[in-house]
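Undergrad: Please see the structure below; I have some questions.
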Amino acid sequence: MLNLKLKFDLHRDVESDILRKEASVCRVHDYSGAVDTRILNIERDGGILYSWKGATGTTRIGRYDTITRQNKLLYTFDKQVCVSSCSLNKEETLLAVSLAQNTRGEERLKPMSKCLTLLIEIHPINNTKVLKAVDCRVKVQFLHQDTNRSVLESHLLLLTEDGYVDLYHVLLTKQEGYRVVMANPDRLSKTAERIVEDLCWVQWDGHTQRLYYITNKGKFLLRCVQFYPTHHCETVLEFPLELPANPFHAVKFVNLGFDHYHIERAEKEVVRMQVFTSRIGSMCVCYSQPVKDEQELIYTVVLVHKDCSKKFRVSLGGDEPLQKASPLHPLFIPIGYYVVVYLQGCFLHCINTRQQEMLCHSLFLSGHDVGLDLQGGSDTVTVLYAEKEAGGCMLNLTSGRIHSAELSSTYLLQILQSKTSLRCPSSWSDPQRLAALHCLLVYMGNDPNLELKIIEWLCDNVNPFETFDQIQEFILASLYRISFEKSLGLDKVLPYSSVFEKQELPASLLEVPGVVCTSESHIESVFKGKARSLQGFWSELQWNTERTKYLDTVPNPRYRNSLVEADWSKARSETRPSSQHLEENTKKVLSMVDTWSLDKKLVPLFQEEDHQQRALIGLMVDRLREHVNRHLPRLGKKKIDSLVVNYVAKLLELIRHMLESVWLKQKLGPRVLSLTQQGSPSDWSAFHFMFRILESVQSLCLPLPPGYHTVFAVFAVRCLPHHTFLQYIDHGFLQLTETFVSRLMTDLDNSDANERLKFSILKRLPEPMERRIYHMWDHPISSASISRDYVKTLLEKHDTNKGTEFTGRDKPAFRPEFLPLTYVAKILSDIEEQALNPFEEQENVDARFVEETALKQTLILLGFEGK
């Protein structure tokens, strides 16, 4: 399910270089001494700080640059010390370290303090200043703000196990043009600013320069302190958490380096917790309680941007008790907008933090086949989170390796293909397939090769599953992908899945075997920053939270395609769009499609007028624009209009792309659209797939590309018996376009079967189209019909102009003796001289037959003969 990619190997990237340098110090060619290299901290720029025991009995601190892949010696202690915390300022001029008392060696620090915190000048003088000498653990961390100012100043966080955080402001000065030294070494203690007190848990987010901490004042509160490019900081957010009593036996430090001299025992951890954010305004707080004797794990994911909390209770199953070697807490791994909850050897839960309403949009896997290749077990693994990366990283302190984690598209495809693939014997449920499909389409869908594989899967599995329609899911999820990056507020406004359209959801989509989920709304988050201060991420998070609260109170905030159904039913009875405004919408969409690459244009779409589909395109743009404007006016009308037009254009392009893929897969050539050949097995496959697309789209009331019905009708007449073809028309599955009917009349010969088919189709055409089609069919009946219509039109026009009324025999005013045949012929001759010839430039016209037909029609109208 997860792919792990090696990004850093302590042995490969650091130790081999150290051994070579130590050998040169010892003046031997092969130094085989133990260097005891240990990772200390990872700074915001990705630089890795580490320490090792030197060949001369010293402790050294170095830095590995992940970009240049170079190692640099920062500082050397003149004896072996135990470095429990370390941080380097952005300019690499100051080094802060906390030294733990070494109780196992002869060399010890002063007995009155268990931890000594130092601030060291490393460029280039090596002056040292003592910041703290206390009997508790101390963590150090420099701020790394992005600023263009050339001020010589550094800011250092000092966090203690006693539950407080101090901020030191260190002024620097240059000497001799290049020496950078502290300007106020004797006044450092006076610059300290107490910013947090009484904390029991704290997490540092170096990339965003945020400090999260929990305090307990009657109830547990999670607060966040944001540090700005200056030394200024403020508390911007707080909200309560439901935690068990005494959740931390000591202050818990997260993402504040790695203390190799204070190993916390997992069984003593009551709660394991971590906070994840994304730049577009989402925030997740994840925490778990250890596995109980009853083999049940409880973990909670608080979705601040969704104003809700989800508590999961997972039964680990099995009659045998969990082995002691198994971890007691799961790992929380952020991958994009998913949070992966992983308990080694038990389960993996990939939680969708954007579409959290239903369990079926989050993938849950259980069993030993979800294991990750983590040497030493997950208890030795620390999750590192960099907001700028799509996925989290995992540091294994035992092996000294850092792996990036990403979801495996291959594994997800196997879940989809499990019904038809002999290589995947596992039996997956429909909710698992649905979750895997959405992960592939929404999270990974920008990969065109992956999209082709999904379309191939759709072609091979045409029939819908019991609980969901996979073609509808493909369309809606792909459309959602193009818009969700614009704003998180679109999550509950735009369609995401066809299951929301169902009046009654299948029970299997609402539950996952072995998982119990309880949701709580309204987490009472309070944004404390001033209006001018809440910018960037905090502004987005606040707006997303407020918008979620509003949308939770609005009935049907998510756009439903049924909103256009009534209007479209009215438009279907018309030959053209009912409004110029709607036609302008359609032109915008089709012009957008024209600007995109249409590949090889294998399928003749967008090459004809289709007034019904044009009306539906315009209606969808109009209704979708109104819906987004009503619920998300903050986006602005211009942005919303662009979003909606792109949305509908992408819908048409998706359908075209599916047909192009089928054309290539079935190796269909240009002759496939010939009406004179019988359908091949490949034609049957394409026809069946087009029918499924049509069925899925119509049930959602979505438009089709102009020309789709023509291509579909060609396949239908090639593949279906004539009586079945006509039934498809009568039941509304086939829509007869003028392009298709005209080709049918001209391409098929007038055999008995074809003649019957043509007559049957003509009877089903609307009258205006029927008149135009008659001109294209070389048949006596069509000529007779044209003649009758011609004479009738001439006489009606003469009646209107002259006032002469021709009525039936039963009317008392009818006097046939006053209308001799010569007089009628003269009238017809006069009218014909002024009228257009309906057969002008038309082939296959028998002039003699037309004269006879006109005369007979006249006699019928005069009442001399019956029909």
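Ligands are numbered from 1 in the order shown, residues from 1 within each chain, and chains are lettered A, B, ... in the order they appear in the structure tokens.
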Using DSSP on the backbone coordinates, identify the residues of stretch 327-538 of chain A assigned to alpha helix (DSSP H); present them as a PyMOL selection string.
TA: chain A and resi 409-416+430-438+448-460+470-484+537-538
Undergrad: As an exercise, work out the distance from atom CA of A:Ser674 to atom CA of A:Arg718 in Å and give it to one decimal place.
TA: 8.4 Å
Undergrad: Just want the 9 Å neighbourhood of A:Leu624, counted on only C-alpha atoms, with same-chain residues fewer than 5 positions away dropped. Output as number ranges by chain.
TA: A: 494, 559-561, 563, 619, 629, 644
Undergrad: Please produce a file of the residues just selected, as a short mmCIF file (atom, residue, chain, number, x, y, z; two decimals), in the first residue's frame, where the atoms kept are all heavy atoms.
TA:
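Wrote result-v9.cif, looks like this:
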```cif
data_model
loop_
_atom_site.label_atom_id
_atom_site.label_comp_id
_atom_site.auth_asym_id
_atom_site.auth_seq_id
_atom_site.Cartn_x
_atom_site.Cartn_y
_atom_site.Cartn_z
N LEU A 494 -18.95 21.17 -4.50
CA LEU A 494 -18.93 20.50 -5.79
C LEU A 494 -19.17 19.00 -5.62
O LEU A 494 -18.87 18.43 -4.58
CB LEU A 494 -17.58 20.73 -6.46
CG LEU A 494 -17.29 22.15 -6.95
CD1 LEU A 494 -15.95 22.20 -7.64
CD2 LEU A 494 -18.38 22.64 -7.89
N TYR A 559 -23.59 20.57 -4.79
CA TYR A 559 -24.31 20.71 -6.06
C TYR A 559 -24.77 19.34 -6.54
O TYR A 559 -24.01 18.38 -6.58
CB TYR A 559 -23.39 21.34 -7.11
CG TYR A 559 -24.02 21.42 -8.49
CD1 TYR A 559 -24.90 22.43 -8.81
CD2 TYR A 559 -23.71 20.46 -9.47
CE1 TYR A 559 -25.47 22.51 -10.07
CE2 TYR A 559 -24.28 20.53 -10.72
CZ TYR A 559 -25.16 21.56 -11.02
OH TYR A 559 -25.73 21.63 -12.26
N ARG A 560 -26.03 19.27 -6.92
CA ARG A 560 -26.59 18.04 -7.48
C ARG A 560 -27.02 18.31 -8.91
O ARG A 560 -27.66 19.31 -9.21
CB ARG A 560 -27.80 17.57 -6.64
CG ARG A 560 -27.42 17.15 -5.23
CD ARG A 560 -28.65 16.70 -4.44
NE ARG A 560 -28.30 16.33 -3.08
CZ ARG A 560 -27.95 15.12 -2.71
NH1 ARG A 560 -27.90 14.15 -3.61
NH2 ARG A 560 -27.65 14.84 -1.45
N ASN A 561 -26.66 17.39 -9.78
CA ASN A 561 -26.96 17.59 -11.19
C ASN A 561 -28.45 17.55 -11.48
O ASN A 561 -28.90 18.00 -12.54
CB ASN A 561 -26.24 16.51 -12.01
CG ASN A 561 -24.73 16.61 -11.90
OD1 ASN A 561 -24.12 17.51 -12.44
ND2 ASN A 561 -24.13 15.70 -11.16
N LEU A 563 -30.47 19.42 -10.33
CA LEU A 563 -30.96 20.80 -10.33
C LEU A 563 -31.31 21.28 -11.74
O LEU A 563 -32.13 22.19 -11.91
CB LEU A 563 -29.90 21.73 -9.72
CG LEU A 563 -29.60 21.54 -8.23
CD1 LEU A 563 -28.43 22.42 -7.81
CD2 LEU A 563 -30.82 21.88 -7.39
N LEU A 619 -27.17 25.06 -19.62
CA LEU A 619 -27.90 24.99 -18.35
C LEU A 619 -26.98 24.58 -17.20
O LEU A 619 -27.06 25.14 -16.10
CB LEU A 619 -29.04 23.99 -18.47
CG LEU A 619 -30.33 24.49 -19.12
CD1 LEU A 619 -31.30 23.35 -19.36
CD2 LEU A 619 -30.99 25.55 -18.24
N ASN A 629 -21.60 30.59 -6.61
CA ASN A 629 -21.71 32.01 -6.22
C ASN A 629 -22.50 32.16 -4.92
O ASN A 629 -22.18 33.02 -4.09
CB ASN A 629 -22.39 32.81 -7.33
CG ASN A 629 -21.40 33.45 -8.28
OD1 ASN A 629 -20.40 34.00 -7.84
ND2 ASN A 629 -21.68 33.38 -9.57
N VAL A 644 -16.14 27.20 -13.42
CA VAL A 644 -17.31 26.47 -13.91
C VAL A 644 -17.13 26.10 -15.38
O VAL A 644 -17.43 24.97 -15.80
CB VAL A 644 -18.58 27.30 -13.69
CG1 VAL A 644 -19.76 26.68 -14.41
CG2 VAL A 644 -18.87 27.43 -12.20
#
```
Undergrad: Determine, counting only C-alpha atoms, which protein, DNA and RNA residues have an atom within 7 Å of an atom of A:Gln203; residues of the same chain fewer than 4 positions away are not included. Present the result as a PDB file with C-alpha atoms, in the first residue's frame.
TA:
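Result file is part_15.pdb:
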```pdb
ATOM      1  CA  LEU A 211       4.738  25.725  18.066  1.00  0.00           C
ATOM      2  CA  TYR A 212       1.832  23.530  19.158  1.00  0.00           C
ATOM      3  CA  TYR A 213       1.426  22.738  22.833  1.00  0.00           C
ATOM      4  CA  PHE A 253       8.639  16.661  22.882  1.00  0.00           C
ATOM      5  CA  VAL A 254       7.712  16.082  19.213  1.00  0.00           C
ATOM      6  CA  ASN A 255       9.882  17.123  16.234  1.00  0.00           C
TER       7      ASN A 255
END
```
Undergrad: One decimal, Å: what's the distance from atom CA of A:Leu668 over to atom CA of A:Phe712, could you say?
TA: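 Atom CA of A:Phe712 lies 14.0 Å from atom CA of A:Leu668.
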Undergrad: As an MDAnalysis selection string, please: the residues near A:Thr410 (cut-off 12 Å, only C-alpha atoms, same-chain neighbours under 4 positions excluded).
TA: chainID A and resid 1:3 406 414:417 424 436:437 439:440 444 450 453:454
Undergrad: Excluding stretch 540-545 of chain A and any residue of its chain fewer than 6 positions from it, enumerate the residues within 9 Å of it, using only C-alpha atoms, and give them as a list in words.
TA: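 Non-adjacent residues within range: Arg279, Ile280, Gly281, Ser282, Met283, Val304, His305, Lys306, Asp307, Ser487, Leu488, Gly489, Ser525, Phe527 and Leu534 of chain A.
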Undergrad: Can you spit out the residues from that selection as a PDB file, in the first residue's frame, using C-alpha atoms?
TA:
```pdb
ATOM      1  CA  ARG A 279      -0.642  25.244   3.035  1.00  0.00           C
ATOM      2  CA  ILE A 280      -4.198  25.569   1.646  1.00  0.00           C
ATOM      3  CA  GLY A 281      -5.736  25.659   5.088  1.00  0.00           C
ATOM      4  CA  SER A 282      -6.233  22.221   6.588  1.00  0.00           C
ATOM      5  CA  MET A 283      -5.229  21.081  10.072  1.00  0.00           C
ATOM      6  CA  VAL A 304     -10.072  21.487  12.436  1.00  0.00           C
ATOM      7  CA  HIS A 305     -10.813  22.676   8.880  1.00  0.00           C
ATOM      8  CA  LYS A 306     -13.945  20.499   8.892  1.00  0.00           C
ATOM      9  CA  ASP A 307     -14.977  21.518  12.414  1.00  0.00           C
ATOM     10  CA  SER A 487     -10.151  26.204  -2.220  1.00  0.00           C
ATOM     11  CA  LEU A 488     -10.961  23.714   0.515  1.00  0.00           C
ATOM     12  CA  GLY A 489     -14.425  25.249   0.678  1.00  0.00           C
ATOM     13  CA  SER A 525     -11.906  26.249  17.834  1.00  0.00           C
ATOM     14  CA  PHE A 527      -8.905  32.018  16.497  1.00  0.00           C
ATOM     15  CA  LEU A 534      -4.469  36.238  10.424  1.00  0.00           C
TER      16      LEU A 534
END
```
Undergrad: Using only C-alpha atoms, can you tell me which of A:Phe332, A:Tyr168, A:Trp684, A:Tyr64 comes closest to A:Glu153?
TA: A:Tyr168
Undergrad: What's around A:Leu736 at 12 Å? Count only C-alpha atoms, leave out sequence neighbours fewer than 5 positions away in its own chain, and write the answer as a ChimeraX atom specification.
TA: /A:610,612,707-714,716-717,725-726,728-730,741-744,761-766,769-770,773
Undergrad: So which one's closest to A:Leu458, A:Phe276, A:Phe364, A:Tyr550, A:Phe474? Using only C-alpha atoms, please.
TA: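 Residue with the minimum atom-to-atom distance to A:Leu458: A:Phe474.
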Undergrad: For A:Leu316, which residue out of A:Leu652, A:Gly514, A:His403, A:Leu143 is the nearest one, using only C-alpha atoms?
TA: A:Gly514
Undergrad: Can you work out which one of A:Glu92, A:Glu565, A:Asp594, A:Glu738 has the shortest atom-to-atom distance to A:Arg772, counting only C-alpha atoms?
TA: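 Closest candidate: A:Glu738.
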Undergrad: Would you mind telling me which residue in A:Val251, A:Leu331, A:Leu372, A:Val140 lies nearest to A:Gly345 when using only C-alpha atoms?
TA: A:Leu372
Undergrad: Pick out the closest residue to A:Ile298 from this set: A:Ser418, A:Asn127, A:Thr518, A:Val81. Count only C-alpha atoms.
TA: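 Of A:Ser418, A:Asn127, A:Thr518, A:Val81, the one nearest A:Ile298 is A:Thr518, counting only C-alpha atoms.
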Undergrad: Run DSSP on the backbone and grab whatever in stretch 99-313 of chain A lands in strand (DSSP E); send it over as a ChimeraX atom specification.
TA: /A:99-100,115-121,128-134,138-142,153-160,165-175,179-182,193-196,199-205,210-216,220-227,233-240,252-254,272-278,282-289,296-303,308-313
